[in-house]
Amino acid sequence: MSGSPGSLIAVGLQRLRLDPWLFGLLVVLVAFGSMVLYSAGEQSMALVWRQWVRLGVGLAVMLFVAQIPPRLLKAWAPFLFLAALLMLVAVVFFGVGRGAQRWLDLGLLRFQPSEAMKLALPLALAAMLDRKPLPPDWRTVIAAATLIAVPVGLIVIQPDLGTAVLVGLSGACVLFLAGLRWRLILGVSAALAAAAPLIWLNLHEYQQDRIRTFLDPESDPLGEGWNIIQSKIAVGSGGLSGKGWLEGSQSHLEFLPEPHTDFIFSVLAEEFGFIGVVAVLALYVAIILRGMFLAGQCRDAFGRLLAGAMIFMFFVYLAVNVGMVSGALPVVGVPLPLVSYGGTSAVTLLAGFGLVMGLYSRRRFMG
Amino acid sequence: MITSTRSAGMGDSRSALAQVDRRLQFLIVLMLIVLCLLSLRLGLLQLGDHEQYAARADDNRISLRALPPNRGLILDRRGRVLAENLPAYRLVVVPERAPDLEGTLARLADLVPVSDDERRRFDQQRARSRPFESITLKSNLDEEEVAKLAIHRHRLPGVDIEPYLTRHYPQGELFAHLVGYVGRMDDRDRARLDPDRYRATTHVGKTGIERQYEEELHGRSGFERVETNAQGRILRVLERNDPQPGEDLRLNVDLDVQRAAYEALGDYAGAVVVLQVATGEVLALVSKPGFDPNLFVHGISHADYNRLLDHRQRPLFNRVLSGGYEPGSTVKPFIALAGLEAGVVTPSTEVVSTGQYRLPGHSRTYGDWKAGGHGRVNLELALAESVNVYFYRLAVELGIDRISRELALFGFGRTTGLDLPGENSGILPTRSWKRATFNQPWFPGETVITGIGQGFTVVTPVQLAHATAALAGRGQTAAPALVGQREPVQMVRHDDADWQAVHRGMEAVVHGASGTARAIESELVVRMAGKTGTAQVFGRPDEDEEADEREQDELPEFLRNHALFTGFAPIDEPRLVVSVVAEHGGGGASVAAPIAATVMNAALEAGL
């Protein structure tokens with residue numbers, strides 16, 4: 001290795017078990033994201049600082065997670081899962097929050113157990129499947145499906161549809177990567193499609209409203225449809241090159257709901273246009289591809305399943321959020337990963353990247 | 001991208017790891033496809049539909065606010081204010097900004113009374129309005145209401161108190177029929193008026209001058225292009241086009257004369273018209289009783305409206321323009337002129353009044369008002385004493401056609417062209433009118449009574465005044481006008497001697513020893529010519545004015561005759577005309593003439 005400063009940083013990062021490429025891409029994303037956040041948050045530098053503090057916490061968690069040896073992860077997986085599950089049950093009885101009970105009040109801080117489950121579930125599944133021959137036999141599949149269904153069910157009744165989908169998909173992703181038979185995948189998909197009316201009937205009214213609104217936003221332009229319509233107007237009016245940084249009328253004149261959290265992508269699209277949108281999406285694609293490359297390099301099935309699921313979760317955040325602001329998906333409260341204002345998801349996602357990079361860093365030494 | 005490494009651990013079979021890698025690769029492809037589809041979606045929004053969404057973003061951001069023009073003031077001939085604009089406050093609601101509209105309205109109703117009418121109008125206006133438009137719930141708030149609302153506004157989202165200008169009529173009922181009033185714009189007004197000029201206007205002229213000169217008074221709406229945020233708050237004005245205020249309108253009316261006329265009528269319902277002979281300028285135009293026009297500006301309550309409708313003297317009825325009265329003896333000077341013109345009589349022709357007149361070959365008698373008659377009278381005395389027999393005979397000798405022609409020249413039977421809406425044309429009886437209306441021929445007896453202003457003839461007070469102005473001006477006057485002046489017109493041509501003779505007769509009515517209105521002579525500060533008249537309301541008693549008046553006192557008021565007087569002054573150079581109708585006054589001489597004298601004095605005192 002040469003002695004240039006770049007390679008010195010790279011070596012340093014590798015010592016910390018971080019991948020320089022992935023880390024660098026994440027830094028670029030956060031830097032650009034902070035610019036958009038500054039604009040979306042009414043040019044409040046205080047808001048940006050608060051977000052950086054949270055990202056700092058996330059970075060610390062990422063560093064810590066990356067240091068945990070996979071052996072320990074595998075050993076702790078069942079207990080971590082159980083702990084997360086118990087907290088989800090506790091939410092049912094002691095949870096707080098407006099409208100939906102999602103939080104546990106721990107005195108010092110409020111904690112969202114469903115967030116922990118986003119990590120604990122894939123971890124537990126990967127650990128379990130790692131001990132079985134792959135592809136998994138039907139007994140293993142049923143056991144895995146149960147592990148997925150119980151926490152997802154607990155999150156659905158909170159109710160928090162967005163998180164339930166994310167947790168469910170991260171679990172399903174592990175099972176899929178483990179080699180779940182296509183016949184089974186198609187069969188379950190068909191069964192879900194058949195059960196859709198039943199699911200619809202069991203949704204809360206506000207959830208039904210969101211889906212109804214998604215299907216026909218103009219039917220209620222001042223009520224439920226407002227968010228989708230205003231977001232589409234923001235995105236569409238951005239055009240090719242955008243209205244310019246800090247110049248988005250939709251964002252700054254309060255037409256856009258929650259411009260600094262769930263709808264921050266609309267601000268980006270309005271101010272930086274399609275060019276900015278493509279650039280940011282390309283950045284995300286690079287992160288995903290690098291992440292998947294790292295996942296493929298992990299030395300055992302546990303590492304590959306877990307790392308793959310983490311990257312996939314990152315992708316789901318992105319796809320659901322972008323789908324939502326562009327009117328392609330219903331409004332579910334899923335942030336734009338690492339750009340939206342808010343700490344919880346950023347910490348979870350960075351912890352996930354910590355897992356990926358930690359696992360990758362041990363690709364040769366373990367055993 | 002993915003190179004499947006074969007560094008399998010001890011527990012992993014090579015094929016199992018290969019399987020995971022294949023799935024990883026599949027997942028990558030799936031993710032890329034989804035992201036490509038999302039990019040496509042964004043591209044469609046940002047490139048394909050860009051123009052549509054850019055327009056909608058501007059629509060969001062920019063709204064047009066119409067600015068109402070200030071309505072012009074209405075002033076009397078000396079600049080005294082008859083209609084003005086006062087600052088007021090109204091309660092407005094933006095429904096989209098009130099999360100719980102019904103709850104908000106209920107809480108509002110606790111603070112200020114909101115009538116059913118106001119609520120209904122609010123709902124109607126809401127159905128018509130665009131999102132984020134403010135809708136008036138209650139206008140003309142009093143100070144206490146404004147204070148109460150200001151205190152509670154923080155817990156009433158979407159509610160605001162808005163300043164505006166409201167029309168006010170400081171003279172109240174005095175000018176109710178003349179100035180008229182403005183009222184809330186309704187669908188008919190909207191259909192009639194230019195929507196561009198009236199974009200921000202809520203009130204338009206409904207009656208009187210306010211309606212007649214709506215265009216001049218109103219002005220033109222301006223507009224503002226403003227940038228607003230989602231809450232409808234205005235952030236900045238992008239463009240402003242000031243409204244063009246309406247013109248102030250100076251009327252020919254004199255406040256003092258108008259008040260004098262209104263007061264002189266006393267408790268009588270009736271009308272007074274004061275004109276300037278040479279120019280036709282209207283100096284006073286009273287229809288009594290009036291009403292408070294301010295009641296109509298904010299929408300009159302049912303109770304107030306019913307009170308006006310049920311009033312015995314019908315205050316909403318504009319007697320000056322729409323009231324039709326028999327002219328009675330006030331028509332005699334015009335008949336006299338027709339007789340002189342035709343050569344049927346000369347000023348010195350004498351007729352013997354025995355108290356009765358009978359058409360040759362008919363048994364029916366037509367009486368004088370004075371029992372036993374007036375004896376031998378010439379034209380001057382016939383006018384001064386209002387000798388019926390003289391005019392029966394004259395009318396019969398003239399025939400209805402020549403009478404009709406003369407009356408038509410003086411403007412009877414058609415509107416005068418006064419600049420107010422709703423003028424009635426009255427009735428000028430002719431053979432063809434009788435045929436058209438009753439499908440009957442003209443009977444000779446009808447000619448007899450037409451000679452003393454009875455029968456079919458109907459005049460409005462303003463017609464009578466206009467005709468009197470023509471008489472005073474020796475045939476020349478201008479159409480009556482409240483604003484500006486009309487061209488003087490020679491309406492009738494007669495020999496100077498004929499005019500002189502009739503003027504002398506009318507002077508004798510007031511100043512002659514036996515004139516019917518001689519009682520007012522002492523009141524007058526000027527020499528005045530005039531003619532009394534009595535319009536029948538009940539039955540057809542003989543034209544016995546003085547005797548009649550005695551009997552009339554014993555009749556219930558609503559059956560008493562209407563008292564008329566029309567005259568001009570000064571005699572040598574007539575400038576002013578006063579015409580008076582006092583409904584159920586009994587007799588022209590005792591009731592209408594003193595009113596006319598008071599008004600004439602007031603006009604002269606006002607320097608007119």
# chains A, B, ... in the order shown; residues from 1 in each chain; ligands from 1

$ interface_residues --of "chain A" --to "chain B" --cutoff "8 Å" --atoms "only C-alpha atoms" --output "number ranges by chain"
A: 131, 133-135, 176-179, 222, 232-240, 249-250, 253-255, 273-274, 278, 281, 285, 289, 292-293, 296-297, 299-301, 304-305, 308, 315, 319, 322-323, 326, 328, 364, 367

$ residues_around --residues "segment 135-142 of chain B" --least-positions-apart "6" --cutoff "10 Å" --atoms "only C-alpha atoms" --output "JSON, numbers by chain"
{"B": [87, 88, 89, 90, 91, 92, 93, 94, 95, 105, 108, 112, 113, 114, 115, 117, 118, 119, 120, 121, 122, 123, 124, 125, 126, 129, 149, 159, 160, 161, 162, 163, 164, 165, 166, 297, 298, 299]}

$ closest_residue --among "A:Arg210, A:Arg71, A:Arg183, A:Arg54" --to "Gly333 of chain A" --atoms "only C-alpha atoms"
A:Arg210

$ residues_around --residues "segment 102-105 of chain A" --least-positions-apart "3" --cutoff "12 Å" --atoms "only C-alpha atoms" --output "tab-separated table (two decimals) with N, CA, C and O atoms, in the first residue's frame"
chain	number	residue	atom	x	y	z
A	84	ALA	N	-35.98	-8.58	22.18
A	84	ALA	CA	-36.77	-7.68	21.33
A	84	ALA	C	-38.24	-8.07	21.35
A	84	ALA	O	-39.13	-7.23	21.39
A	86	LEU	N	-39.85	-9.69	23.74
A	86	LEU	CA	-40.45	-9.36	25.03
A	86	LEU	C	-40.80	-7.88	25.09
A	86	LEU	O	-41.85	-7.49	25.59
A	87	MET	N	-39.90	-7.06	24.53
A	87	MET	CA	-40.19	-5.63	24.55
A	87	MET	C	-41.41	-5.31	23.68
A	87	MET	O	-42.21	-4.44	24.02
A	88	LEU	N	-41.54	-6.03	22.56
A	88	LEU	CA	-42.72	-5.81	21.71
A	88	LEU	C	-43.98	-6.18	22.47
A	88	LEU	O	-45.02	-5.50	22.36
A	89	VAL	N	-43.92	-7.26	23.22
A	89	VAL	CA	-45.07	-7.65	24.04
A	89	VAL	C	-45.34	-6.56	25.08
A	89	VAL	O	-46.49	-6.18	25.32
A	90	ALA	N	-44.24	-6.06	25.67
A	90	ALA	CA	-44.40	-5.01	26.67
A	90	ALA	C	-45.09	-3.79	26.09
A	90	ALA	O	-45.90	-3.14	26.75
A	91	VAL	N	-44.78	-3.49	24.83
A	91	VAL	CA	-45.41	-2.34	24.17
A	91	VAL	C	-46.93	-2.50	24.17
A	91	VAL	O	-47.68	-1.55	24.39
A	92	VAL	N	-47.36	-3.75	23.95
A	92	VAL	CA	-48.80	-4.00	23.91
A	92	VAL	C	-49.45	-3.56	25.21
A	92	VAL	O	-50.54	-3.01	25.24
A	93	PHE	N	-48.73	-3.80	26.32
A	93	PHE	CA	-49.32	-3.50	27.62
A	93	PHE	C	-48.94	-2.13	28.17
A	93	PHE	O	-49.74	-1.46	28.79
A	94	PHE	N	-47.70	-1.73	27.96
A	94	PHE	CA	-47.23	-0.49	28.60
A	94	PHE	C	-46.84	0.59	27.60
A	94	PHE	O	-46.24	1.58	27.98
A	95	GLY	N	-47.14	0.35	26.34
A	95	GLY	CA	-46.63	1.25	25.31
A	95	GLY	C	-47.24	2.64	25.40
A	95	GLY	O	-48.31	2.83	25.95
A	96	VAL	N	-46.52	3.62	24.87
A	96	VAL	CA	-47.03	4.99	24.81
A	96	VAL	C	-46.97	5.46	23.36
A	96	VAL	O	-46.30	4.86	22.51
A	97	GLY	N	-47.61	6.55	23.11
A	97	GLY	CA	-47.59	7.12	21.75
A	97	GLY	C	-48.98	7.59	21.39
A	97	GLY	O	-49.98	7.12	21.95
A	98	ARG	N	-49.06	8.55	20.51
A	98	ARG	CA	-50.34	9.09	20.09
A	98	ARG	C	-50.95	8.20	19.02
A	98	ARG	O	-50.26	7.85	18.05
A	99	GLY	N	-52.16	7.79	19.20
A	99	GLY	CA	-52.86	7.01	18.18
A	99	GLY	C	-52.39	5.57	18.19
A	99	GLY	O	-53.14	4.66	18.48
A	108	LEU	N	-35.33	7.59	30.90
A	108	LEU	CA	-34.33	8.46	30.29
A	108	LEU	C	-34.61	8.67	28.82
A	108	LEU	O	-34.49	9.76	28.30
A	109	LEU	N	-34.96	7.61	28.14
A	109	LEU	CA	-35.21	7.75	26.72
A	109	LEU	C	-36.40	6.91	26.32
A	109	LEU	O	-36.78	5.96	27.01
A	110	ARG	N	-36.94	7.28	25.18
A	110	ARG	CA	-38.04	6.50	24.63
A	110	ARG	C	-37.44	5.57	23.61
A	110	ARG	O	-36.55	5.93	22.85
A	111	PHE	N	-37.93	4.38	23.60
A	111	PHE	CA	-37.32	3.36	22.77
A	111	PHE	C	-38.41	2.67	21.97
A	111	PHE	O	-39.50	2.38	22.46
A	112	GLN	N	-38.08	2.39	20.70
A	112	GLN	CA	-39.06	1.77	19.82
A	112	GLN	C	-38.61	0.32	19.56
A	112	GLN	O	-37.73	0.09	18.72
A	113	PRO	N	-39.18	-0.66	20.26
A	113	PRO	CA	-38.71	-2.04	20.15
A	113	PRO	C	-38.79	-2.59	18.73
A	113	PRO	O	-37.99	-3.44	18.34
A	114	SER	N	-39.75	-2.08	17.95
A	114	SER	CA	-39.87	-2.60	16.58
A	114	SER	C	-38.61	-2.30	15.77
A	114	SER	O	-38.26	-3.03	14.84
A	115	GLU	N	-37.92	-1.20	16.14
A	115	GLU	CA	-36.65	-0.87	15.47
A	115	GLU	C	-35.63	-1.98	15.74
A	115	GLU	O	-34.94	-2.45	14.82
A	116	ALA	N	-35.51	-2.38	17.03
A	116	ALA	CA	-34.55	-3.43	17.40
A	116	ALA	C	-34.87	-4.72	16.64
A	116	ALA	O	-33.96	-5.47	16.24
A	154	LEU	N	-47.17	-8.62	16.21
A	154	LEU	CA	-47.16	-7.68	17.33
A	154	LEU	C	-47.03	-6.24	16.86
A	154	LEU	O	-47.58	-5.32	17.45
A	155	ILE	N	-46.28	-6.04	15.79
A	155	ILE	CA	-46.10	-4.67	15.27
A	155	ILE	C	-47.37	-4.19	14.55
A	155	ILE	O	-47.76	-3.04	14.67
A	156	VAL	N	-48.02	-5.14	13.84
A	156	VAL	CA	-49.24	-4.76	13.13
A	156	VAL	C	-50.30	-4.25	14.10
A	156	VAL	O	-51.01	-3.29	13.81
A	157	ILE	N	-50.37	-4.91	15.30
A	157	ILE	CA	-51.44	-4.48	16.22
A	157	ILE	C	-51.10	-3.18	16.95
A	157	ILE	O	-51.93	-2.65	17.68
A	158	GLN	N	-49.89	-2.65	16.76
A	158	GLN	CA	-49.55	-1.40	17.49
A	158	GLN	C	-50.44	-0.20	17.15
A	158	GLN	O	-50.72	0.59	18.05
A	159	PRO	N	-50.81	0.11	15.99
A	159	PRO	CA	-50.48	-0.50	14.69
A	159	PRO	C	-49.42	0.34	13.99
A	159	PRO	O	-49.44	1.56	14.04
A	160	ASP	N	-48.53	-0.34	13.29
A	160	ASP	CA	-47.49	0.35	12.54
A	160	ASP	C	-47.19	-0.47	11.29
A	160	ASP	O	-46.29	-1.30	11.26
A	161	LEU	N	-48.03	-0.20	10.26
A	161	LEU	CA	-47.97	-1.02	9.06
A	161	LEU	C	-46.61	-0.92	8.38
A	161	LEU	O	-46.06	-1.91	7.92
A	162	GLY	N	-46.08	0.30	8.32
A	162	GLY	CA	-44.81	0.51	7.61
A	162	GLY	C	-43.69	-0.34	8.21
A	162	GLY	O	-42.98	-1.06	7.48
A	163	THR	N	-43.56	-0.28	9.55
A	163	THR	CA	-42.50	-1.04	10.19
A	163	THR	C	-42.75	-2.54	10.06
A	163	THR	O	-41.82	-3.33	9.85
A	164	ALA	N	-44.01	-2.95	10.17
A	164	ALA	CA	-44.33	-4.37	10.03
A	164	ALA	C	-43.88	-4.88	8.66
A	164	ALA	O	-43.30	-5.98	8.56
A	344	THR	N	-34.02	7.39	14.84
A	344	THR	CA	-34.23	5.96	15.03
A	344	THR	C	-33.79	5.14	13.82
A	344	THR	O	-32.98	4.21	13.95

$ select_by_dssp --residues "segment 75-140 of chain B" --states "strand (DSSP E or B)" --output "PyMOL selection string"
chain B and resi 75+81-93+135-138

$ write_last_selection --atoms "N, CA, C and O atoms" --output "PDB file, in the first residue's frame"
ATOM      1  N   LEU B  75     -73.584  63.354  -2.733  1.00  0.00           N
ATOM      2  CA  LEU B  75     -73.615  64.628  -2.023  1.00  0.00           C
ATOM      3  C   LEU B  75     -74.810  65.444  -2.493  1.00  0.00           C
ATOM      4  O   LEU B  75     -75.308  65.241  -3.605  1.00  0.00           O
ATOM      5  N   VAL B  81     -73.128  65.383   2.735  1.00  0.00           N
ATOM      6  CA  VAL B  81     -73.071  63.946   2.450  1.00  0.00           C
ATOM      7  C   VAL B  81     -74.429  63.282   2.623  1.00  0.00           C
ATOM      8  O   VAL B  81     -75.072  63.402   3.672  1.00  0.00           O
ATOM      9  N   LEU B  82     -74.843  62.565   1.582  1.00  0.00           N
ATOM     10  CA  LEU B  82     -76.092  61.810   1.642  1.00  0.00           C
ATOM     11  C   LEU B  82     -75.830  60.308   1.708  1.00  0.00           C
ATOM     12  O   LEU B  82     -76.660  59.547   2.191  1.00  0.00           O
ATOM     13  N   ALA B  83     -74.673  59.868   1.170  1.00  0.00           N
ATOM     14  CA  ALA B  83     -74.291  58.448   1.260  1.00  0.00           C
ATOM     15  C   ALA B  83     -72.780  58.412   1.398  1.00  0.00           C
ATOM     16  O   ALA B  83     -72.062  59.074   0.647  1.00  0.00           O
ATOM     17  N   GLU B  84     -72.294  57.671   2.396  1.00  0.00           N
ATOM     18  CA  GLU B  84     -70.858  57.650   2.661  1.00  0.00           C
ATOM     19  C   GLU B  84     -70.427  56.213   2.945  1.00  0.00           C
ATOM     20  O   GLU B  84     -71.257  55.309   3.022  1.00  0.00           O
ATOM     21  N   ASN B  85     -69.123  56.026   3.087  1.00  0.00           N
ATOM     22  CA  ASN B  85     -68.586  54.697   3.386  1.00  0.00           C
ATOM     23  C   ASN B  85     -67.940  54.750   4.763  1.00  0.00           C
ATOM     24  O   ASN B  85     -67.060  55.561   5.001  1.00  0.00           O
ATOM     25  N   LEU B  86     -68.383  53.876   5.642  1.00  0.00           N
ATOM     26  CA  LEU B  86     -67.836  53.868   6.997  1.00  0.00           C
ATOM     27  C   LEU B  86     -67.034  52.595   7.211  1.00  0.00           C
ATOM     28  O   LEU B  86     -67.403  51.535   6.710  1.00  0.00           O
ATOM     29  N   PRO B  87     -65.936  52.705   7.974  1.00  0.00           N
ATOM     30  CA  PRO B  87     -65.190  51.483   8.283  1.00  0.00           C
ATOM     31  C   PRO B  87     -66.012  50.585   9.207  1.00  0.00           C
ATOM     32  O   PRO B  87     -66.671  51.071  10.115  1.00  0.00           O
ATOM     33  N   ALA B  88     -65.965  49.282   8.916  1.00  0.00           N
ATOM     34  CA  ALA B  88     -66.697  48.326   9.742  1.00  0.00           C
ATOM     35  C   ALA B  88     -65.890  47.036   9.781  1.00  0.00           C
ATOM     36  O   ALA B  88     -64.863  46.912   9.107  1.00  0.00           O
ATOM     37  N   TYR B  89     -66.334  46.111  10.597  1.00  0.00           N
ATOM     38  CA  TYR B  89     -65.647  44.822  10.696  1.00  0.00           C
ATOM     39  C   TYR B  89     -66.619  43.702  10.405  1.00  0.00           C
ATOM     40  O   TYR B  89     -67.788  43.776  10.743  1.00  0.00           O
ATOM     41  N   ARG B  90     -66.075  42.673   9.729  1.00  0.00           N
ATOM     42  CA  ARG B  90     -66.916  41.491   9.536  1.00  0.00           C
ATOM     43  C   ARG B  90     -66.173  40.248   9.977  1.00  0.00           C
ATOM     44  O   ARG B  90     -64.946  40.220  10.015  1.00  0.00           O
ATOM     45  N   LEU B  91     -66.965  39.253  10.304  1.00  0.00           N
ATOM     46  CA  LEU B  91     -66.430  37.988  10.788  1.00  0.00           C
ATOM     47  C   LEU B  91     -66.326  37.053   9.593  1.00  0.00           C
ATOM     48  O   LEU B  91     -67.321  36.778   8.926  1.00  0.00           O
ATOM     49  N   VAL B  92     -65.100  36.596   9.288  1.00  0.00           N
ATOM     50  CA  VAL B  92     -64.944  35.692   8.149  1.00  0.00           C
ATOM     51  C   VAL B  92     -64.349  34.364   8.619  1.00  0.00           C
ATOM     52  O   VAL B  92     -63.659  34.306   9.633  1.00  0.00           O
ATOM     53  N   VAL B  93     -64.660  33.318   7.864  1.00  0.00           N
ATOM     54  CA  VAL B  93     -64.159  31.985   8.184  1.00  0.00           C
ATOM     55  C   VAL B  93     -63.555  31.391   6.923  1.00  0.00           C
ATOM     56  O   VAL B  93     -64.127  31.513   5.844  1.00  0.00           O
ATOM     57  N   ILE B 135     -64.906  33.381   3.874  1.00  0.00           N
ATOM     58  CA  ILE B 135     -66.336  33.531   3.659  1.00  0.00           C
ATOM     59  C   ILE B 135     -66.927  34.296   4.835  1.00  0.00           C
ATOM     60  O   ILE B 135     -66.634  34.002   5.989  1.00  0.00           O
ATOM     61  N   THR B 136     -67.750  35.294   4.514  1.00  0.00           N
ATOM     62  CA  THR B 136     -68.318  36.135   5.557  1.00  0.00           C
ATOM     63  C   THR B 136     -69.423  35.391   6.289  1.00  0.00           C
ATOM     64  O   THR B 136     -70.327  34.849   5.672  1.00  0.00           O
ATOM     65  N   LEU B 137     -69.313  35.390   7.621  1.00  0.00           N
ATOM     66  CA  LEU B 137     -70.368  34.782   8.423  1.00  0.00           C
ATOM     67  C   LEU B 137     -71.287  35.873   8.946  1.00  0.00           C
ATOM     68  O   LEU B 137     -72.502  35.713   8.968  1.00  0.00           O
ATOM     69  N   LYS B 138     -70.701  36.997   9.383  1.00  0.00           N
ATOM     70  CA  LYS B 138     -71.515  38.067   9.929  1.00  0.00           C
ATOM     71  C   LYS B 138     -70.821  39.383   9.616  1.00  0.00           C
ATOM     72  O   LYS B 138     -69.615  39.500   9.810  1.00  0.00           O
TER      73      LYS B 138
END

$ residues_around --residues "Val53 of chain A" --least-positions-apart "4" --cutoff "12 Å" --atoms "only C-alpha atoms" --output "CSV table (one decimal) with N, CA, C and O atoms, in the first residue's frame"
chain,number,residue,atom,x,y,z
A,46,ALA,N,-29.5,24.5,13.3
A,46,ALA,CA,-29.6,23.8,14.5
A,46,ALA,C,-30.2,22.4,14.2
A,46,ALA,O,-29.8,21.4,14.8
A,47,LEU,N,-31.1,22.4,13.3
A,47,LEU,CA,-31.8,21.1,12.9
A,47,LEU,C,-30.7,20.2,12.3
A,47,LEU,O,-30.7,19.0,12.6
A,48,VAL,N,-29.9,20.7,11.4
A,48,VAL,CA,-28.8,19.9,10.8
A,48,VAL,C,-27.9,19.4,11.9
A,48,VAL,O,-27.5,18.2,11.9
A,49,TRP,N,-27.5,20.3,12.9
A,49,TRP,CA,-26.6,19.8,13.9
A,49,TRP,C,-27.2,18.7,14.7
A,49,TRP,O,-26.6,17.7,15.0
A,57,VAL,N,-24.2,9.3,16.8
A,57,VAL,CA,-24.6,8.1,17.7
A,57,VAL,C,-24.6,6.9,16.8
A,57,VAL,O,-24.1,5.8,17.2
A,58,GLY,N,-25.2,7.0,15.6
A,58,GLY,CA,-25.3,5.9,14.7
A,58,GLY,C,-23.9,5.4,14.3
A,58,GLY,O,-23.7,4.2,14.2
A,59,LEU,N,-23.0,6.3,14.1
A,59,LEU,CA,-21.7,5.9,13.7
A,59,LEU,C,-21.0,5.1,14.8
A,59,LEU,O,-20.3,4.1,14.6
A,60,ALA,N,-21.2,5.6,16.0
A,60,ALA,CA,-20.6,4.9,17.2
A,60,ALA,C,-21.2,3.4,17.2
A,60,ALA,O,-20.5,2.5,17.4
A,341,TYR,N,-34.8,13.6,8.3
A,341,TYR,CA,-34.5,14.0,9.7
A,341,TYR,C,-35.1,12.9,10.6
A,341,TYR,O,-36.3,12.5,10.5
A,342,GLY,N,-34.4,12.5,11.6
A,342,GLY,CA,-34.9,11.5,12.6
A,342,GLY,C,-33.8,10.6,12.9
A,342,GLY,O,-33.0,10.2,12.1
A,343,GLY,N,-33.7,10.1,14.2
A,343,GLY,CA,-32.6,9.3,14.7
A,343,GLY,C,-32.8,7.8,14.6
A,343,GLY,O,-31.9,7.1,14.3
A,346,ALA,N,-32.0,6.0,11.3
A,346,ALA,CA,-30.6,6.2,11.0
A,346,ALA,C,-29.7,5.3,11.8
A,346,ALA,O,-28.8,4.6,11.3
A,347,VAL,N,-30.0,5.2,13.1
A,347,VAL,CA,-29.2,4.3,14.0
A,347,VAL,C,-29.3,2.9,13.5
A,347,VAL,O,-28.3,2.1,13.4

$ residues_around --residues "Ile9 of chain A" --least-positions-apart "5" --cutoff "9 Å" --atoms "only C-alpha atoms" --output "list in words"
Ser4, Gln14 and Pro20 of chain A
